[in-house]
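Visitor: Structure below; questions to follow.
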Amino acid sequence: MKLKVALGQLDIEYAQPEKNVAKVKRMVAEAATHNADVVVLPEMWNTGYALSRLDELADIAGQKTRKLLEKVAADCKIDIVGGSVATNKEGQYFNTTYIVDRTGKTISSYDKVHLFGLMSEDQYLTAGEKENYFTLAGVPSASFICYDLRFPEWVRTVACHGSEILYFPAEWPAERISQWKRLVQARAIENQAFVVAVNRVGDDPDNHFSGHSIIADPLGNILVDAGEVEQVCYGVVDLTQIKAVRGPIPVFKDRRPALYR
Ligand SMILES: O=C(O)CCC(=O)C(=O)O
């Protein structure tokens with residue numbers, strides 16, 4: 001089975017949700033025109049890191065975002081890994097992903113578990129507590145957000161549910177982009193899974209973002225690198241590779257969780 005995956009490498013307009021919504025609609029439509037099965041958006045795609053303005057910008061219970069993603073998914077008949085947006089859930093702010101299938105149904109959601117202190121997330125946001133694994137386009141998958149990439153123990157815990165594709169929406173600053181690439185490859189190799197990692201480009205008041213959204217295969221090879229410009233980039237993921245890699249070196253079967261304390 002093969003899946004065409006679209007990486008929506010967006011230049012996010014700081015604190016301007018309407019402009020970003022328009023761009024995302026265009027990107028999803030473009031991905032559908034290219035017959036992609038799944039389109040993936042970056043972290044905080046509707047506002048960027050405008051954390052000091054969450055009272056005005058956070059989406060209440062994620063309602064607006066879900067409505068939008070559900071409509072574009074159904075209109076374009078494409079599955080969406082909805083990056084993330086700031087949400088306001090009963091007065092607490094979260095960094096939240098919605099996973100929406102091509103029938104226009106939100107099938108799961110994820111609140112970022114590891115908050116990134118260097119970008120003040122810990123001052124403004126509440127950390128999620130739950131894993132997010134799901135079947136999308138017929139493939140067992142899981143999603144994380146950005147800084148979660150540095151926590152192999154968390155990724156492994158979730159990947160143990162059988163995930164073959166691990167999605168990482170991100171806003172990963174340019175100055176650490178070489179670490180981004182290596183971490184994506186490491187998570188792919190150790191979990192013998194495809195990693196689809198989508199970063200933004202452009203600037204916010206504090207950071208420059210250089211994109212390099214990538215897909216790594218289960219051996220850690222980079223299949224696609226979206227470079228440093230705003231674009232939708234495509235990669236084909238061949239799921240038969242999973243069995244071929246996990247067969248001879250069955251790391252999930254050979255784990256010794258009783259020793260991992
Ligand atoms: O870990 C990093 O270097 C970047 C993480 C990050 O930017 C985030 O989680 O938003």
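Chain labels run A, B, ... following the order of the structure tokens; each chain numbers its residues from 1, and ligands are numbered from 1 in the order shown.
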Around ligand 1, at most 6 Å away and counting only C-alpha atoms and all ligand atoms, which residues are there? Put them as number ranges by chain, please.
Guide: A: 116, 146-147, 171-173, 176
Visitor: Using backbone DSSP assignments, extract all strand (DSSP E or B) residues from stretch 93-213 of chain A; output them as number ranges by chain.
Guide: A: 93-100, 106-111, 133-136, 139-143, 165-169, 173, 194-198, 201-203, 208-210
Visitor: Would you list, as a VMD selection string, the residues of stretch 26-144 of chain A that end up in helix (DSSP H, G or I) under DSSP run on this structure's backbone?
Guide: chain A and resid 26 to 33 51 to 57 63 to 76 117 to 119 121 to 124
Visitor: Measure the distance from atom CA of A:Cys76 to atom CA of A:Ala32 in Å and round it to one decimal.
Guide: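 Interatomic distance, atom CA of A:Cys76 to atom CA of A:Ala32: 5.9 Å.
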Visitor: Measuring atom to atom with only C-alpha atoms, identify which of A:Gln231, A:Gln179, A:Ser109, A:Asn191 is nearest to A:Val24.
Guide: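 Under the stated criterion, the closest residue is A:Gln231.
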Visitor: Applying 10 Å and only C-alpha atoms, which residues near A:Thr65 remain after dropping the ones on its own chain fewer than 6 positions away? List them as a CSV table (one decimal) with C-alpha atoms, in the first residue's frame.
Guide:
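around.csv, freshly written:
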```csv
chain,number,residue,atom,x,y,z
A,21,VAL,CA,-7.0,30.3,7.1
A,46,ASN,CA,-3.4,30.0,12.4
A,59,ASP,CA,-9.9,29.1,19.5
A,71,LYS,CA,-15.4,21.4,5.8
A,82,GLY,CA,-4.3,19.6,11.3
A,84,SER,CA,-1.9,22.6,15.7
A,85,VAL,CA,-3.7,25.7,17.0
A,86,ALA,CA,-4.0,27.4,20.3
A,87,THR,CA,-7.2,26.4,22.0
A,97,THR,CA,-3.9,19.1,16.9
A,98,TYR,CA,-7.1,17.9,15.2
```
Visitor: Compare A:Ser52, A:Leu136, A:Tyr124, A:Glu43 by their minimum atom-to-atom distance to A:Ile80, counting only C-alpha atoms, and give me the closest one.
Guide: A:Leu136
Visitor: Which residues, written as a ChimeraX atom specification, have at least one atom at most 12 Å from A:Cys233, with only C-alpha atoms counted and residues fewer than 3 positions away on the same chain left out?
Guide: /A:4-10,27-28,30-31,34,36,38-41,196-199,211-215,223-230,236
Visitor: Which value, in Å to one decimal, gives the distance between atom CA of A:Arg26 and atom CA of A:Arg200?
Guide: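 Separation of atom CA of A:Arg26 and atom CA of A:Arg200: 15.8 Å.
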